[in-house]
>>> print(open('coords06.pdb').read())   # PDB, C-alpha atoms
ATOM      1  CA  MET J   1     -32.400   4.333  10.222  1.00  0.00           C
ATOM      2  CA  GLU J   2     -29.702   6.984  10.216  1.00  0.00           C
ATOM      3  CA  VAL J   3     -27.613   7.435   7.080  1.00  0.00           C
ATOM      4  CA  GLN J   4     -23.918   8.120   7.609  1.00  0.00           C
ATOM      5  CA  THR J   5     -21.670   9.823   5.095  1.00  0.00           C
ATOM      6  CA  PHE J   6     -17.893   9.623   5.007  1.00  0.00           C
ATOM      7  CA  ASP J   7     -15.136  11.546   3.266  1.00  0.00           C
ATOM      8  CA  ASP J   8     -13.739   8.333   1.813  1.00  0.00           C
ATOM      9  CA  VAL J   9     -14.005   4.564   2.037  1.00  0.00           C
ATOM     10  CA  PHE J  10     -11.234   4.241   4.631  1.00  0.00           C
ATOM     11  CA  ASP J  11     -13.126   6.446   7.065  1.00  0.00           C
ATOM     12  CA  ALA J  12     -16.128   4.157   6.616  1.00  0.00           C
ATOM     13  CA  LEU J  13     -14.104   0.975   7.113  1.00  0.00           C
ATOM     14  CA  SER J  14     -12.077   2.138  10.110  1.00  0.00           C
ATOM     15  CA  ASP J  15     -13.017   2.398  13.743  1.00  0.00           C
ATOM     16  CA  THR J  16     -10.719   5.355  14.422  1.00  0.00           C
ATOM     17  CA  PRO J  17      -9.246   8.268  12.454  1.00  0.00           C
ATOM     18  CA  ALA J  18      -5.752   6.866  13.143  1.00  0.00           C
ATOM     19  CA  GLU J  19      -6.685   3.517  11.620  1.00  0.00           C
ATOM     20  CA  ALA J  20      -8.155   5.288   8.580  1.00  0.00           C
ATOM     21  CA  ALA J  21      -4.966   7.347   8.140  1.00  0.00           C
ATOM     22  CA  ASN J  22      -2.856   4.176   8.315  1.00  0.00           C
ATOM     23  CA  MET J  23      -5.030   2.450   5.720  1.00  0.00           C
ATOM     24  CA  LYS J  24      -4.881   5.479   3.392  1.00  0.00           C
ATOM     25  CA  ALA J  25      -1.093   5.619   3.623  1.00  0.00           C
ATOM     26  CA  ARG J  26      -0.812   1.875   2.999  1.00  0.00           C
ATOM     27  CA  ALA J  27      -3.182   2.064   0.021  1.00  0.00           C
ATOM     28  CA  ASP J  28      -1.219   4.936  -1.533  1.00  0.00           C
ATOM     29  CA  LEU J  29       2.082   3.105  -1.107  1.00  0.00           C
ATOM     30  CA  LEU J  30       0.693  -0.175  -2.389  1.00  0.00           C
ATOM     31  CA  SER J  31      -0.718   1.525  -5.472  1.00  0.00           C
ATOM     32  CA  ALA J  32       2.591   3.263  -6.223  1.00  0.00           C
ATOM     33  CA  LEU J  33       4.472  -0.009  -5.774  1.00  0.00           C
ATOM     34  CA  VAL J  34       2.175  -1.974  -8.069  1.00  0.00           C
ATOM     35  CA  GLU J  35       2.569   0.692 -10.741  1.00  0.00           C
ATOM     36  CA  ARG J  36       6.354   0.763 -10.329  1.00  0.00           C
ATOM     37  CA  VAL J  37       6.794  -3.019 -10.428  1.00  0.00           C
ATOM     38  CA  ALA J  38       4.501  -3.328 -13.452  1.00  0.00           C
ATOM     39  CA  SER J  39       6.579  -0.696 -15.265  1.00  0.00           C
ATOM     40  CA  TRP J  40       9.664  -2.909 -14.965  1.00  0.00           C
ATOM     41  CA  GLY J  41       8.124  -5.526 -17.252  1.00  0.00           C
ATOM     42  CA  LEU J  42       9.942  -8.291 -15.387  1.00  0.00           C
ATOM     43  CA  PRO J  43       8.761 -11.790 -14.532  1.00  0.00           C
ATOM     44  CA  GLN J  44       7.552 -11.998 -10.931  1.00  0.00           C
ATOM     45  CA  GLU J  45      10.583 -13.994  -9.824  1.00  0.00           C
ATOM     46  CA  ALA J  46      12.970 -11.290 -11.078  1.00  0.00           C
ATOM     47  CA  ALA J  47      10.863  -8.449  -9.669  1.00  0.00           C
ATOM     48  CA  ALA J  48      10.666 -10.197  -6.293  1.00  0.00           C
ATOM     49  CA  LYS J  49      14.427 -10.627  -6.225  1.00  0.00           C
ATOM     50  CA  ARG J  50      14.864  -6.939  -7.054  1.00  0.00           C
ATOM     51  CA  LEU J  51      12.697  -6.036  -4.053  1.00  0.00           C
ATOM     52  CA  GLY J  52      14.294  -8.621  -1.766  1.00  0.00           C
ATOM     53  CA  ILE J  53      11.079 -10.598  -1.192  1.00  0.00           C
ATOM     54  CA  THR J  54       9.682 -13.954  -2.235  1.00  0.00           C
ATOM     55  CA  ARG J  55       7.580 -14.428  -5.349  1.00  0.00           C
ATOM     56  CA  PRO J  56       4.463 -15.314  -3.296  1.00  0.00           C
ATOM     57  CA  ARG J  57       4.938 -12.093  -1.305  1.00  0.00           C
ATOM     58  CA  LEU J  58       5.225 -10.114  -4.548  1.00  0.00           C
ATOM     59  CA  ASN J  59       2.090 -11.828  -5.799  1.00  0.00           C
ATOM     60  CA  ASP J  60       0.236 -10.600  -2.691  1.00  0.00           C
ATOM     61  CA  LEU J  61       1.494  -7.082  -3.395  1.00  0.00           C
ATOM     62  CA  MET J  62       0.488  -7.136  -7.058  1.00  0.00           C
ATOM     63  CA  ARG J  63      -2.966  -8.453  -6.170  1.00  0.00           C
ATOM     64  CA  GLY J  64      -3.490  -5.551  -3.773  1.00  0.00           C
ATOM     65  CA  LYS J  65      -3.726  -7.629  -0.607  1.00  0.00           C
ATOM     66  CA  ILE J  66      -3.265  -4.596   1.630  1.00  0.00           C
ATOM     67  CA  SER J  67      -4.032  -6.467   4.839  1.00  0.00           C
ATOM     68  CA  LYS J  68      -0.847  -8.510   4.393  1.00  0.00           C
ATOM     69  CA  PHE J  69       1.444  -5.458   4.506  1.00  0.00           C
ATOM     70  CA  SER J  70       2.271  -3.127   7.356  1.00  0.00           C
ATOM     71  CA  LEU J  71       3.088   0.494   6.712  1.00  0.00           C
ATOM     72  CA  ASP J  72       6.716  -0.228   7.621  1.00  0.00           C
ATOM     73  CA  ALA J  73       6.918  -3.103   5.144  1.00  0.00           C
ATOM     74  CA  LEU J  74       5.494  -0.944   2.350  1.00  0.00           C
ATOM     75  CA  VAL J  75       7.936   1.878   3.111  1.00  0.00           C
ATOM     76  CA  ASN J  76      10.812  -0.609   2.899  1.00  0.00           C
ATOM     77  CA  LEU J  77       9.519  -2.024  -0.389  1.00  0.00           C
ATOM     78  CA  ALA J  78       9.021   1.455  -1.845  1.00  0.00           C
ATOM     79  CA  THR J  79      12.625   2.300  -1.035  1.00  0.00           C
ATOM     80  CA  ALA J  80      13.819  -0.969  -2.582  1.00  0.00           C
ATOM     81  CA  ALA J  81      11.775  -0.119  -5.684  1.00  0.00           C
ATOM     82  CA  GLY J  82      13.598   3.190  -6.034  1.00  0.00           C
ATOM     83  CA  LEU J  83      10.689   5.333  -4.946  1.00  0.00           C
ATOM     84  CA  VAL J  84      11.220   8.442  -2.826  1.00  0.00           C
ATOM     85  CA  LEU J  85       8.688   9.021  -0.082  1.00  0.00           C
ATOM     86  CA  GLU J  86       7.539  12.446   1.013  1.00  0.00           C
ATOM     87  CA  ILE J  87       5.321  12.848   4.035  1.00  0.00           C
ATOM     88  CA  ARG J  88       2.974  15.834   4.177  1.00  0.00           C
ATOM     89  CA  VAL J  89       1.258  16.664   7.437  1.00  0.00           C
ATOM     90  CA  THR J  90      -1.598  19.157   7.711  1.00  0.00           C
ATOM     91  CA  ALA J  91      -4.054  20.131  10.421  1.00  0.00           C
ATOM     92  CA  ALA J  92      -7.395  18.334  10.372  1.00  0.00           C
ATOM     93  CA  ALA J  93     -10.292  20.324   9.021  1.00  0.00           C
TER
END
>>> encode(input="coords06.pdb", output="structure tokens")
Amino acid sequence: MEVQTFDDVFDALSDTPAEAANMKARADLLSALVERVASWGLPQEAAAKRLGITRPRLNDLMRGKISKFSLDALVNLATAAGLVLEIRVTAAA
């Protein structure tokens, strides 16, 4: 049995490097959003309204259900939450 090692969990879970990069970006955005929304100290209904989504959708976000959010959706939510996104691109090692 051959043992494989990976740089991170997303590389292990993904079939391609592109899929892993997408998952990493989504995870980073989701984490920032959860932190931001929690900092508001609002009830979920009010926080959802602030983001322009339903309360069940906010609940999915706060529970970390990453599979329910596309990268585009998370970018839109981050903007609605008042977060500024910066994209850094580097050559692969």
>>> resolve_selection(input="coords06.pdb", expression="the PyMOL selection byres ((chain J and resi 52-68) around 10)", output="compact mmCIF listing (two decimals) with C-alpha atoms, in the frame of the given file")
# COMPACT_ATOMS: atom_id res chain seq x y z
CA MET J 23 -5.03 2.45 5.72
CA ARG J 26 -0.81 1.88 3.00
CA ALA J 27 -3.18 2.06 0.02
CA LEU J 29 2.08 3.10 -1.11
CA LEU J 30 0.69 -0.18 -2.39
CA SER J 31 -0.72 1.52 -5.47
CA LEU J 33 4.47 -0.01 -5.77
CA VAL J 34 2.17 -1.97 -8.07
CA GLU J 35 2.57 0.69 -10.74
CA VAL J 37 6.79 -3.02 -10.43
CA ALA J 38 4.50 -3.33 -13.45
CA PRO J 43 8.76 -11.79 -14.53
CA GLN J 44 7.55 -12.00 -10.93
CA GLU J 45 10.58 -13.99 -9.82
CA ALA J 46 12.97 -11.29 -11.08
CA ALA J 47 10.86 -8.45 -9.67
CA ALA J 48 10.67 -10.20 -6.29
CA LYS J 49 14.43 -10.63 -6.22
CA ARG J 50 14.86 -6.94 -7.05
CA LEU J 51 12.70 -6.04 -4.05
CA PHE J 69 1.44 -5.46 4.51
CA SER J 70 2.27 -3.13 7.36
CA LEU J 71 3.09 0.49 6.71
CA ALA J 73 6.92 -3.10 5.14
CA LEU J 74 5.49 -0.94 2.35
CA ASN J 76 10.81 -0.61 2.90
CA LEU J 77 9.52 -2.02 -0.39
CA ALA J 80 13.82 -0.97 -2.58
CA ALA J 81 11.78 -0.12 -5.68
>>> atom_distance(input="coords06.pdb", atom1="CA of Ala92 (chain J)", atom2="CA of Pro17 (chain J)")
10.4 Å
>>> atom_distance(input="coords06.pdb", atom1="CA of Arg36 (chain J)", atom2="CA of Ala20 (chain J)")
24.3 Å
>>> atom_distance(input="coords06.pdb", atom1="CA of Ala21 (chain J)", atom2="CA of Trp40 (chain J)")
29.2 Å
>>> build_atoms(input="coords06.pdb", residues="region 76-87 of chain J", atoms="all heavy atoms", output="mmCIF file, keeping the file's coordinate frame")
data_model
loop_
_atom_site.group_PDB
_atom_site.id
_atom_site.type_symbol
_atom_site.label_atom_id
_atom_site.label_comp_id
_atom_site.auth_asym_id
_atom_site.auth_seq_id
_atom_site.Cartn_x
_atom_site.Cartn_y
_atom_site.Cartn_z
ATOM 1 N N ASN J 76 9.586 0.096 3.270
ATOM 2 C CA ASN J 76 10.812 -0.609 2.899
ATOM 3 C C ASN J 76 10.775 -1.072 1.442
ATOM 4 O O ASN J 76 11.764 -0.953 0.713
ATOM 5 C CB ASN J 76 11.054 -1.796 3.829
ATOM 6 C CG ASN J 76 11.361 -1.363 5.243
ATOM 7 O OD1 ASN J 76 11.770 -0.240 5.496
ATOM 8 N ND2 ASN J 76 11.156 -2.267 6.185
ATOM 9 N N LEU J 77 9.647 -1.579 0.997
ATOM 10 C CA LEU J 77 9.519 -2.024 -0.389
ATOM 11 C C LEU J 77 9.592 -0.847 -1.356
ATOM 12 O O LEU J 77 10.195 -0.947 -2.424
ATOM 13 C CB LEU J 77 8.216 -2.792 -0.588
ATOM 14 C CG LEU J 77 8.163 -4.180 0.039
ATOM 15 C CD1 LEU J 77 6.753 -4.753 -0.039
ATOM 16 C CD2 LEU J 77 9.157 -5.107 -0.634
ATOM 17 N N ALA J 78 8.975 0.269 -0.988
ATOM 18 C CA ALA J 78 9.021 1.455 -1.845
ATOM 19 C C ALA J 78 10.458 1.928 -2.031
ATOM 20 O O ALA J 78 10.879 2.279 -3.140
ATOM 21 C CB ALA J 78 8.155 2.567 -1.254
ATOM 22 N N THR J 79 11.217 1.912 -0.960
ATOM 23 C CA THR J 79 12.625 2.300 -1.035
ATOM 24 C C THR J 79 13.395 1.332 -1.922
ATOM 25 O O THR J 79 14.187 1.750 -2.776
ATOM 26 C CB THR J 79 13.242 2.358 0.374
ATOM 27 O OG1 THR J 79 12.493 3.294 1.158
ATOM 28 C CG2 THR J 79 14.686 2.799 0.327
ATOM 29 N N ALA J 80 13.156 0.046 -1.756
ATOM 30 C CA ALA J 80 13.819 -0.969 -2.582
ATOM 31 C C ALA J 80 13.446 -0.817 -4.057
ATOM 32 O O ALA J 80 14.235 -1.139 -4.941
ATOM 33 C CB ALA J 80 13.470 -2.368 -2.083
ATOM 34 N N ALA J 81 12.242 -0.306 -4.312
ATOM 35 C CA ALA J 81 11.775 -0.119 -5.684
ATOM 36 C C ALA J 81 12.303 1.175 -6.303
ATOM 37 O O ALA J 81 12.019 1.481 -7.460
ATOM 38 C CB ALA J 81 10.250 -0.130 -5.724
ATOM 39 N N GLY J 82 13.049 1.940 -5.515
ATOM 40 C CA GLY J 82 13.598 3.190 -6.034
ATOM 41 C C GLY J 82 12.637 4.359 -5.963
ATOM 42 O O GLY J 82 12.814 5.357 -6.652
ATOM 43 N N LEU J 83 11.631 4.232 -5.129
ATOM 44 C CA LEU J 83 10.689 5.333 -4.946
ATOM 45 C C LEU J 83 11.161 6.218 -3.792
ATOM 46 O O LEU J 83 11.743 5.724 -2.825
ATOM 47 C CB LEU J 83 9.287 4.800 -4.641
ATOM 48 C CG LEU J 83 8.641 3.966 -5.755
ATOM 49 C CD1 LEU J 83 7.348 3.342 -5.257
ATOM 50 C CD2 LEU J 83 8.380 4.828 -6.981
ATOM 51 N N VAL J 84 10.892 7.492 -3.886
ATOM 52 C CA VAL J 84 11.220 8.442 -2.826
ATOM 53 C C VAL J 84 9.921 8.835 -2.145
ATOM 54 O O VAL J 84 8.974 9.256 -2.804
ATOM 55 C CB VAL J 84 11.923 9.697 -3.402
ATOM 56 C CG1 VAL J 84 12.174 10.719 -2.316
ATOM 57 C CG2 VAL J 84 13.218 9.303 -4.089
ATOM 58 N N LEU J 85 9.892 8.687 -0.832
ATOM 59 C CA LEU J 85 8.688 9.021 -0.082
ATOM 60 C C LEU J 85 8.777 10.432 0.472
ATOM 61 O O LEU J 85 9.826 10.851 0.962
ATOM 62 C CB LEU J 85 8.499 8.047 1.084
ATOM 63 C CG LEU J 85 7.943 6.695 0.690
ATOM 64 C CD1 LEU J 85 9.054 5.772 0.300
ATOM 65 C CD2 LEU J 85 7.133 6.144 1.799
ATOM 66 N N GLU J 86 7.666 11.130 0.405
ATOM 67 C CA GLU J 86 7.539 12.446 1.013
ATOM 68 C C GLU J 86 6.307 12.416 1.881
ATOM 69 O O GLU J 86 5.240 12.006 1.439
ATOM 70 C CB GLU J 86 7.394 13.533 -0.049
ATOM 71 C CG GLU J 86 8.608 13.697 -0.916
ATOM 72 C CD GLU J 86 8.426 14.777 -1.975
ATOM 73 O OE1 GLU J 86 7.438 15.527 -1.913
ATOM 74 O OE2 GLU J 86 9.282 14.854 -2.866
ATOM 75 N N ILE J 87 6.453 12.841 3.124
ATOM 76 C CA ILE J 87 5.321 12.848 4.035
ATOM 77 C C ILE J 87 4.861 14.286 4.214
ATOM 78 O O ILE J 87 5.652 15.181 4.494
ATOM 79 C CB ILE J 87 5.699 12.237 5.397
ATOM 80 C CG1 ILE J 87 6.098 10.778 5.206
ATOM 81 C CG2 ILE J 87 4.555 12.378 6.396
ATOM 82 C CD1 ILE J 87 6.632 10.113 6.429
#
